[in-house]
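Q: Okay, handing you the structure first.
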Amino acid sequence: MVNIFKKSRKEVPGLALSIVPVVALLSALTALIAVSGAESAQEWGPWLLGGAAVFATLLGLLFTRCGWRGIVTGIKKSATQILPAIPILLLIGTLSSTWMLSGVVPYLIDFGVHLLSPESFLLITCCVCSLVSMVTGSSWTTIATIGVAFMGVGTVMGYSEAWTAGAIISGAYFGDKMSPLSDTTVLASSSCGVDLFKHIRNMVATSAPALMIALIVYTLTGMMIDTVPTDAPAITNAIADTFNLSPWILTIPAVTCLMLALRAGTLWTLAAGSVAGLAGIWIFQPEIAAGLSDNGTITGMLSVLAMPTSIDTGNSMLDNLVATGGAAGMLPTVALVLCAMLFGGAMIGTGMLGSLARAITSRLHNHGSMVSATVGSGLCLNMLTGDQYLSLILGGNIYSGPYRTNGISDTTLSRSLEDSISVTSVLIPWNSCGLTQSTVLGVSTLAYAPFCIFNLLSPVMSIVVAWIQHRRKRVPALEGV
């Protein structure tokens with residue numbers, strides 16, 4: 001009987017079996033959000049992803065011949081890409097805390113409130129984040145630093161957190177895509193065998209129109225939206241009373257800029273920024289240092305890096321703005337990332353992810369349909385693997401052959417992967433990017449997603465440009481007939 005059951009197992013899972021864990025996960029998440037709201041996704045997400053991983057594993061063991069060795073191999077492959085992000089996530093928590101308590105973010109909030117007008121705020125926010133991200137090559141660093149400051153400014157001006165977060169993310173991710181220093185840009189080009197700068201130039205065709213539309217939307221929104229400004233003088237006075245504001249505070253972000261100029265890597269850059277911020281608390285904010293720790297002792301100060309902290313500024317809104325989570329505040333995000341890694345590993349190890357990919361690519365033969373499928377697959381990979389790096393690698397492996405068979409350039413593939421994976425990862429609640437930015441900005445992923453205009457338009461523009469190119473290629477042939 002056992003032998004008969006073993007013989008009935010398939011070497012490669014079929015499409016029907018492969019889609020079951022995906023449908024189960026998405027159905028559970030949809031039901032959870034409908035019943036408990038978008039915020040519940042982060043709290044219950046690890047359990048749902050973990051359950052989906054177990055479910056996919058059981059299906060693979062019962063109905064395929066993958067075995068435990070295949071499952072473990074898949075998880076290892078997923079872990080190779082995702083685990084290096086864990087220390088980066090923790091350091092983002094420490095960086096945000098030290099830059100807030102050392103006065104960097106309050107100084108930028110005070111400066112922004114006095115300099116910016118509500119009408120141009122969203123436009124300038126998007127443009128500045130775009131430039132900073134292009135120079136640094138990191139959307140995560142941009143959002144964790146200048147992005148947090150813009151969130152404070154937007155709150156004071158009366159903008160909803162979702163609109164402000166959308167403008168920050170749109171700018172940061174555009175700059176990240178167009179920067180030769182970006183790890184995702186390098187990964188997308190290298191996984192498709194495309195020259196880096198050729199890849200960046202090719203992305204202009206889809207990214208530039210998407211950004212222009214986003215800037216128009218943010219400009220019109222600033223002119224038309226009825227913001228309800230908070231008592232800005234009260235908040236700026238509370239900032240001045242709580243923090244010692246001085247241009248010398250900007251030496252702290254200058255350390256981060258120096259590390260970026262030296263190309264020290266994301267991990268070392270965030271670590272250096274955190275250390276500079278911690279020293280800045282002692283140097284620039286001695287009263288706060290004394291209040292947070294036992295007379296500023298080293299042990300007490302180091303707790304700022306790990307644990308949540310709060311300051312009584314006398315203004316409830318400012319109290320919420322300057323409250324920090326430290327590394328501990330990122331632990332729920334880390335848990336979600338790890339569970340997403342297990343689910344992605346199970347889908348890879350059982351062969352279900354490969355089966356889904358083959359079912360799609362086997363029916364594609366022209367430029368427009370191939371790019372449309374790539375974009376759709378990119379979104380699915382982001383949801384299934386929970387990580388943009390792994391999704392880019394898998395997307396390149398899946399589509400490289402079909403693209404070449406159908407005479408479509410590798411640059412089109414690398415651009416389509418960026419448009420559908422790198423940019424949309426931040427819109428998925430359980431993806432590492434969506435989890436991180438939601439935690440850093442304090443806004444749920446589903447709340448800010450509708451306002452990330454650039455991120456929403458990029459995959460659409462990728463498909464539109466592909467079909468335009470497909471039509472142009474067909475015109476001469478039709479005329480010849």
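Within each chain, counting starts at residue 1; across the structure tokens, chains are named A, B, ... in the order shown, with ligands numbered 1 upward in that order.
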Applying 9 Å and only C-alpha atoms, which residues near Leu101 (chain A) remain after dropping the ones on its own chain fewer than 6 positions away? List them as a ChimeraX atom specification.
A: /A:243,277-278,280-281,285,288-289,304,311,322-324
Q: Let's have the selection written as a short mmCIF file (atom, residue, chain, number, x, y, z; two decimals), in the first residue's frame, with N, CA and C atoms.
A:
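What landed in part16.cif:
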data_model
loop_
_atom_site.label_atom_id
_atom_site.label_comp_id
_atom_site.auth_asym_id
_atom_site.auth_seq_id
_atom_site.Cartn_x
_atom_site.Cartn_y
_atom_site.Cartn_z
N PHE A 243 14.90 70.31 23.11
CA PHE A 243 16.17 69.99 22.46
C PHE A 243 17.04 71.24 22.29
N GLY A 277 24.94 59.05 16.31
CA GLY A 277 23.74 59.54 16.97
C GLY A 277 23.79 59.34 18.47
N LEU A 278 24.31 58.17 18.91
CA LEU A 278 24.42 57.90 20.35
C LEU A 278 25.37 58.89 21.01
N GLY A 280 25.96 61.81 19.89
CA GLY A 280 25.31 63.11 19.81
C GLY A 280 24.35 63.37 20.95
N ILE A 281 23.75 62.30 21.49
CA ILE A 281 22.86 62.48 22.65
C ILE A 281 23.65 63.04 23.83
N GLN A 285 22.61 66.83 23.66
CA GLN A 285 21.40 66.79 24.50
C GLN A 285 21.72 66.17 25.86
N ILE A 288 18.66 65.36 28.12
CA ILE A 288 17.92 64.17 27.69
C ILE A 288 18.71 62.91 28.06
N ALA A 289 20.03 62.95 27.88
CA ALA A 289 20.87 61.81 28.23
C ALA A 289 20.74 61.47 29.70
N VAL A 304 19.26 52.75 25.09
CA VAL A 304 18.56 53.54 24.08
C VAL A 304 18.57 52.81 22.74
N ILE A 311 9.94 60.71 25.72
CA ILE A 311 10.33 61.98 26.35
C ILE A 311 9.07 62.77 26.63
N VAL A 322 8.42 61.98 18.93
CA VAL A 322 9.80 61.71 19.36
C VAL A 322 9.94 60.38 20.09
N ALA A 323 8.84 59.67 20.31
CA ALA A 323 8.95 58.34 20.93
C ALA A 323 9.66 57.39 19.97
N THR A 324 10.55 56.55 20.50
CA THR A 324 11.35 55.66 19.66
C THR A 324 11.19 54.21 20.10
#
Q: Residues within 9 Å of Arg69 (chain A), please, as a ChimeraX atom specification. Count only C-alpha atoms; anything in the same chain fewer than 4 positions from it doesn't count.
A: /A:73-74,349
Q: Output the selection as a CSV table (one decimal), in the first residue's frame - C-alpha atoms for each residue.
A:
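Done, and the output landed in part.csv:
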chain,number,residue,atom,x,y,z
A,73,THR,CA,17.4,23.1,0.3
A,74,GLY,CA,14.6,25.6,-0.6
A,349,GLY,CA,11.8,23.4,-2.1
Q: Using only C-alpha atoms, find the one residue out of A:Leu187, A:Ile169, A:Leu318, A:Leu122 that sits nearest to Asp241 (chain A).
A: A:Leu318
Q: Closest to Leu220 (chain A) among A:Gly378, A:Pro118, A:Pro21, A:Pro87, using only C-alpha atoms?
A: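 Closest candidate: A:Pro118.
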Q: Need to verify the contact set: region 396-401 of chain A, 9 Å, only C-alpha atoms, exclusion of same-chain residues closer than 3 positions in sequence. Can you return it as a PDB file with all heavy atoms, in the first residue's frame?
A:
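File produced: selection-v4.pdb:
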ATOM      1  N   ALA A 188      19.385  43.388 -10.097  1.00  0.00           N
ATOM      2  CA  ALA A 188      18.480  43.202 -11.237  1.00  0.00           C
ATOM      3  C   ALA A 188      19.255  43.136 -12.545  1.00  0.00           C
ATOM      4  O   ALA A 188      18.970  42.302 -13.412  1.00  0.00           O
ATOM      5  CB  ALA A 188      17.453  44.332 -11.282  1.00  0.00           C
ATOM      6  N   SER A 191      21.608  39.824 -12.536  1.00  0.00           N
ATOM      7  CA  SER A 191      20.876  38.561 -12.655  1.00  0.00           C
ATOM      8  C   SER A 191      20.387  38.314 -14.077  1.00  0.00           C
ATOM      9  O   SER A 191      20.086  37.175 -14.445  1.00  0.00           O
ATOM     10  CB  SER A 191      19.682  38.541 -11.692  1.00  0.00           C
ATOM     11  OG  SER A 191      18.750  39.545 -12.025  1.00  0.00           O
ATOM     12  N   CYS A 192      20.333  39.389 -14.890  1.00  0.00           N
ATOM     13  CA  CYS A 192      19.910  39.259 -16.288  1.00  0.00           C
ATOM     14  C   CYS A 192      21.083  39.410 -17.253  1.00  0.00           C
ATOM     15  O   CYS A 192      20.884  39.398 -18.478  1.00  0.00           O
ATOM     16  CB  CYS A 192      18.838  40.304 -16.620  1.00  0.00           C
ATOM     17  SG  CYS A 192      17.347  40.150 -15.635  1.00  0.00           S
ATOM     18  N   GLY A 354       8.298  26.848  -8.984  1.00  0.00           N
ATOM     19  CA  GLY A 354       8.733  26.566 -10.349  1.00  0.00           C
ATOM     20  C   GLY A 354       7.580  26.117 -11.232  1.00  0.00           C
ATOM     21  O   GLY A 354       7.506  26.485 -12.408  1.00  0.00           O
ATOM     22  N   ALA A 357       5.585  29.102 -12.275  1.00  0.00           N
ATOM     23  CA  ALA A 357       6.313  29.881 -13.279  1.00  0.00           C
ATOM     24  C   ALA A 357       6.227  29.229 -14.657  1.00  0.00           C
ATOM     25  O   ALA A 357       6.011  29.900 -15.669  1.00  0.00           O
ATOM     26  CB  ALA A 357       7.770  30.034 -12.861  1.00  0.00           C
ATOM     27  N   ARG A 358       6.379  27.911 -14.715  1.00  0.00           N
ATOM     28  CA  ARG A 358       6.323  27.212 -16.001  1.00  0.00           C
ATOM     29  C   ARG A 358       4.938  27.302 -16.631  1.00  0.00           C
ATOM     30  O   ARG A 358       4.797  27.412 -17.847  1.00  0.00           O
ATOM     31  CB  ARG A 358       6.724  25.743 -15.819  1.00  0.00           C
ATOM     32  CG  ARG A 358       8.224  25.527 -15.648  1.00  0.00           C
ATOM     33  CD  ARG A 358       8.551  24.053 -15.681  1.00  0.00           C
ATOM     34  NE  ARG A 358       7.957  23.345 -14.557  1.00  0.00           N
ATOM     35  CZ  ARG A 358       8.523  23.228 -13.366  1.00  0.00           C
ATOM     36  NH1 ARG A 358       9.697  23.780 -13.136  1.00  0.00           N
ATOM     37  NH2 ARG A 358       7.924  22.562 -12.385  1.00  0.00           N
ATOM     38  N   THR A 361       4.922  30.859 -18.272  1.00  0.00           N
ATOM     39  CA  THR A 361       5.827  31.140 -19.391  1.00  0.00           C
ATOM     40  C   THR A 361       5.559  30.264 -20.607  1.00  0.00           C
ATOM     41  O   THR A 361       5.888  30.650 -21.731  1.00  0.00           O
ATOM     42  CB  THR A 361       7.290  30.943 -18.956  1.00  0.00           C
ATOM     43  OG1 THR A 361       7.479  29.596 -18.472  1.00  0.00           O
ATOM     44  CG2 THR A 361       7.672  31.920 -17.858  1.00  0.00           C
ATOM     45  N   MET A 370       4.767  38.853 -22.828  1.00  0.00           N
ATOM     46  CA  MET A 370       5.894  38.406 -22.010  1.00  0.00           C
ATOM     47  C   MET A 370       6.160  39.391 -20.872  1.00  0.00           C
ATOM     48  O   MET A 370       6.339  38.988 -19.718  1.00  0.00           O
ATOM     49  CB  MET A 370       7.145  38.249 -22.875  1.00  0.00           C
ATOM     50  CG  MET A 370       8.319  37.606 -22.144  1.00  0.00           C
ATOM     51  SD  MET A 370       8.085  35.853 -21.818  1.00  0.00           S
ATOM     52  CE  MET A 370       8.300  35.149 -23.462  1.00  0.00           C
ATOM     53  N   THR A 374       5.701  38.964 -16.879  1.00  0.00           N
ATOM     54  CA  THR A 374       6.825  39.226 -15.979  1.00  0.00           C
ATOM     55  C   THR A 374       6.399  40.125 -14.831  1.00  0.00           C
ATOM     56  O   THR A 374       6.748  39.892 -13.672  1.00  0.00           O
ATOM     57  CB  THR A 374       7.985  39.891 -16.743  1.00  0.00           C
ATOM     58  OG1 THR A 374       8.340  39.073 -17.853  1.00  0.00           O
ATOM     59  CG2 THR A 374       9.199  40.060 -15.845  1.00  0.00           C
ATOM     60  N   SER A 391      13.199  37.452  -4.991  1.00  0.00           N
ATOM     61  CA  SER A 391      12.270  37.561  -6.118  1.00  0.00           C
ATOM     62  C   SER A 391      12.987  37.986  -7.391  1.00  0.00           C
ATOM     63  O   SER A 391      12.695  37.484  -8.483  1.00  0.00           O
ATOM     64  CB  SER A 391      11.157  38.562  -5.784  1.00  0.00           C
ATOM     65  OG  SER A 391      10.390  38.130  -4.680  1.00  0.00           O
ATOM     66  N   LEU A 392      13.940  38.915  -7.278  1.00  0.00           N
ATOM     67  CA  LEU A 392      14.702  39.345  -8.455  1.00  0.00           C
ATOM     68  C   LEU A 392      15.518  38.204  -9.043  1.00  0.00           C
ATOM     69  O   LEU A 392      15.572  38.015 -10.262  1.00  0.00           O
ATOM     70  CB  LEU A 392      15.626  40.510  -8.082  1.00  0.00           C
ATOM     71  CG  LEU A 392      14.970  41.876  -7.862  1.00  0.00           C
ATOM     72  CD1 LEU A 392      15.972  42.855  -7.263  1.00  0.00           C
ATOM     73  CD2 LEU A 392      14.411  42.426  -9.172  1.00  0.00           C
ATOM     74  N   ILE A 393      16.152  37.428  -8.178  1.00  0.00           N
ATOM     75  CA  ILE A 393      16.972  36.304  -8.645  1.00  0.00           C
ATOM     76  C   ILE A 393      16.102  35.244  -9.312  1.00  0.00           C
ATOM     77  O   ILE A 393      16.407  34.761 -10.407  1.00  0.00           O
ATOM     78  CB  ILE A 393      17.766  35.702  -7.475  1.00  0.00           C
ATOM     79  CG1 ILE A 393      18.813  36.704  -6.976  1.00  0.00           C
ATOM     80  CG2 ILE A 393      18.442  34.408  -7.894  1.00  0.00           C
ATOM     81  CD1 ILE A 393      19.508  36.283  -5.710  1.00  0.00           C
ATOM     82  N   ARG A 404      14.981  35.166 -24.353  1.00  0.00           N
ATOM     83  CA  ARG A 404      15.942  34.959 -25.440  1.00  0.00           C
ATOM     84  C   ARG A 404      15.337  34.126 -26.562  1.00  0.00           C
ATOM     85  O   ARG A 404      15.587  34.383 -27.742  1.00  0.00           O
ATOM     86  CB  ARG A 404      17.200  34.290 -24.888  1.00  0.00           C
ATOM     87  CG  ARG A 404      18.019  35.216 -23.999  1.00  0.00           C
ATOM     88  CD  ARG A 404      19.091  34.491 -23.224  1.00  0.00           C
ATOM     89  NE  ARG A 404      19.769  35.391 -22.290  1.00  0.00           N
ATOM     90  CZ  ARG A 404      20.568  34.998 -21.315  1.00  0.00           C
ATOM     91  NH1 ARG A 404      20.813  33.701 -21.158  1.00  0.00           N
ATOM     92  NH2 ARG A 404      21.138  35.876 -20.510  1.00  0.00           N
ATOM     93  N   THR A 405      14.529  33.137 -26.213  1.00  0.00           N
ATOM     94  CA  THR A 405      13.878  32.311 -27.226  1.00  0.00           C
ATOM     95  C   THR A 405      12.977  33.145 -28.129  1.00  0.00           C
ATOM     96  O   THR A 405      12.895  32.904 -29.343  1.00  0.00           O
ATOM     97  CB  THR A 405      13.048  31.204 -26.552  1.00  0.00           C
ATOM     98  OG1 THR A 405      13.912  30.393 -25.749  1.00  0.00           O
ATOM     99  CG2 THR A 405      12.347  30.341 -27.584  1.00  0.00           C
ATOM    100  N   ASN A 406      12.326  34.143 -27.534  1.00  0.00           N
ATOM    101  CA  ASN A 406      11.399  34.981 -28.291  1.00  0.00           C
ATOM    102  C   ASN A 406      12.042  36.272 -28.802  1.00  0.00           C
ATOM    103  O   ASN A 406      11.338  37.160 -29.299  1.00  0.00           O
ATOM    104  CB  ASN A 406      10.188  35.325 -27.424  1.00  0.00           C
ATOM    105  CG  ASN A 406       9.287  34.135 -27.168  1.00  0.00           C
ATOM    106  OD1 ASN A 406       8.453  33.777 -27.999  1.00  0.00           O
ATOM    107  ND2 ASN A 406       9.462  33.496 -26.019  1.00  0.00           N
ATOM    108  N   ASP A 410      17.514  41.378 -23.050  1.00  0.00           N
ATOM    109  CA  ASP A 410      17.700  41.198 -21.608  1.00  0.00           C
ATOM    110  C   ASP A 410      17.452  42.498 -20.841  1.00  0.00           C
ATOM    111  O   ASP A 410      17.070  42.467 -19.669  1.00  0.00           O
ATOM    112  CB  ASP A 410      19.117  40.695 -21.322  1.00  0.00           C
ATOM    113  CG  ASP A 410      19.332  39.273 -21.802  1.00  0.00           C
ATOM    114  OD1 ASP A 410      18.340  38.536 -21.894  1.00  0.00           O
ATOM    115  OD2 ASP A 410      20.489  38.908 -22.078  1.00  0.00           O
ATOM    116  N   LEU A 413      13.930  42.646 -19.828  1.00  0.00           N
ATOM    117  CA  LEU A 413      13.676  41.777 -18.684  1.00  0.00           C
ATOM    118  C   LEU A 413      14.120  42.440 -17.386  1.00  0.00           C
ATOM    119  O   LEU A 413      13.362  42.468 -16.404  1.00  0.00           O
ATOM    120  CB  LEU A 413      14.402  40.441 -18.869  1.00  0.00           C
ATOM    121  CG  LEU A 413      14.368  39.480 -17.663  1.00  0.00           C
ATOM    122  CD1 LEU A 413      12.936  39.151 -17.269  1.00  0.00           C
ATOM    123  CD2 LEU A 413      15.156  38.211 -17.979  1.00  0.00           C
ATOM    124  N   SER A 414      15.325  42.977 -17.357  1.00  0.00           N
ATOM    125  CA  SER A 414      15.833  43.597 -16.119  1.00  0.00           C
ATOM    126  C   SER A 414      14.965  44.781 -15.718  1.00  0.00           C
ATOM    127  O   SER A 414      14.683  44.993 -14.535  1.00  0.00           O
ATOM    128  CB  SER A 414      17.293  44.028 -16.301  1.00  0.00           C
ATOM    129  OG  SER A 414      17.424  45.013 -17.302  1.00  0.00           O
ATOM    130  N   LEU A 417      11.614  43.479 -14.291  1.00  0.00           N
ATOM    131  CA  LEU A 417      11.784  42.952 -12.937  1.00  0.00           C
ATOM    132  C   LEU A 417      11.865  44.069 -11.912  1.00  0.00           C
ATOM    133  O   LEU A 417      11.264  43.986 -10.830  1.00  0.00           O
ATOM    134  CB  LEU A 417      13.052  42.083 -12.866  1.00  0.00           C
ATOM    135  CG  LEU A 417      13.016  40.762 -13.635  1.00  0.00           C
ATOM    136  CD1 LEU A 417      14.364  40.075 -13.567  1.00  0.00           C
ATOM    137  CD2 LEU A 417      11.922  39.839 -13.087  1.00  0.00           C
TER     138      LEU A 417
END
Q: Name the closest residue to Tyr107 (chain A) among the candidates A:Leu446, A:Leu245, A:Leu211, A:Ile463; distances are taken between atoms, counting only C-alpha atoms.
A: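 Using only C-alpha atoms, Tyr107 (chain A) sits closest to A:Leu245.
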Q: For each of A:Ile88, A:Val72, A:Met223, A:Val132, take the minimum atom-to-atom distance to Ser120 (chain A), counting only C-alpha atoms, then give the residue where this is smallest.
A: A:Met223
Q: Between CA of Arg65 (chain A) and CA of Gly14 (chain A), what is the distance, to one decimal in Å?
A: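 Going from CA of Arg65 (chain A) over to CA of Gly14 (chain A), I get 12.3 Å.
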Q: From a DSSP calculation on the backbone, collect every residue of region 199-420 of chain A in alpha helix (DSSP H) and output the set as a ChimeraX atom specification.
A: /A:199-224,232-242,251-261,266-284,286-292,298-306,316-322,331-349,352-361,367-385,388-405,410-417
Q: Skip Phe197 (chain A) itself and residues of its chain fewer than 3 positions away, then list as an NGL selection string all residues within 8 Å of it, counting only C-alpha atoms.
A: :A and (180 or 200-201)
Q: For region 71-126 of chain A against region 257-274 of chain A, with a cut-off of 10 Å and counting only C-alpha atoms, what is the closest atom pair and its distance in Å to one decimal for every residue that makes the cut, ordered by chain and number, as a Markdown table?
A:
| residue | atom | partner | partner_atom | distance |
| --- | --- | --- | --- | --- |
| A:Pro84 | CA | A:Leu267 | CA | 9.3 |
| A:Ala85 | CA | A:Leu267 | CA | 9.0 |
| A:Pro87 | CA | A:Leu267 | CA | 7.5 |
| A:Ile88 | CA | A:Leu267 | CA | 5.8 |
| A:Leu89 | CA | A:Leu267 | CA | 9.5 |
| A:Leu90 | CA | A:Leu270 | CA | 9.7 |
| A:Leu91 | CA | A:Leu270 | CA | 6.0 |
| A:Ile92 | CA | A:Leu270 | CA | 6.7 |
| A:Gly93 | CA | A:Ser274 | CA | 9.1 |
| A:Thr94 | CA | A:Ser274 | CA | 6.0 |
| A:Leu95 | CA | A:Ser274 | CA | 4.5 |
| A:Ser96 | CA | A:Ser274 | CA | 8.0 |
| A:Ser97 | CA | A:Ser274 | CA | 8.3 |
| A:Thr98 | CA | A:Ser274 | CA | 6.1 |
| A:Trp99 | CA | A:Ser274 | CA | 7.5 |
Q: What's the 12 Å shell around region 53-63 of chain A, counting only C-alpha atoms, without same-chain residues fewer than 2 positions away, as a ChimeraX atom specification?
A: /A:2,5-14,16-25,46-51,65-72,74-75,338-353,384-385
Q: Between A:Phe174, A:Trp430, A:Trp248, A:Tyr159, single out the one closest to Asp387 (chain A), counting only C-alpha atoms.
A: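 Closest to Asp387 (chain A) of all the choices is A:Trp430.
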Q: Kindly indicate which residue among A:Cys452, A:Ala31, A:Leu26, A:Met157 lies nearest to Pro233 (chain A), using only C-alpha atoms for the distances.
A: A:Met157
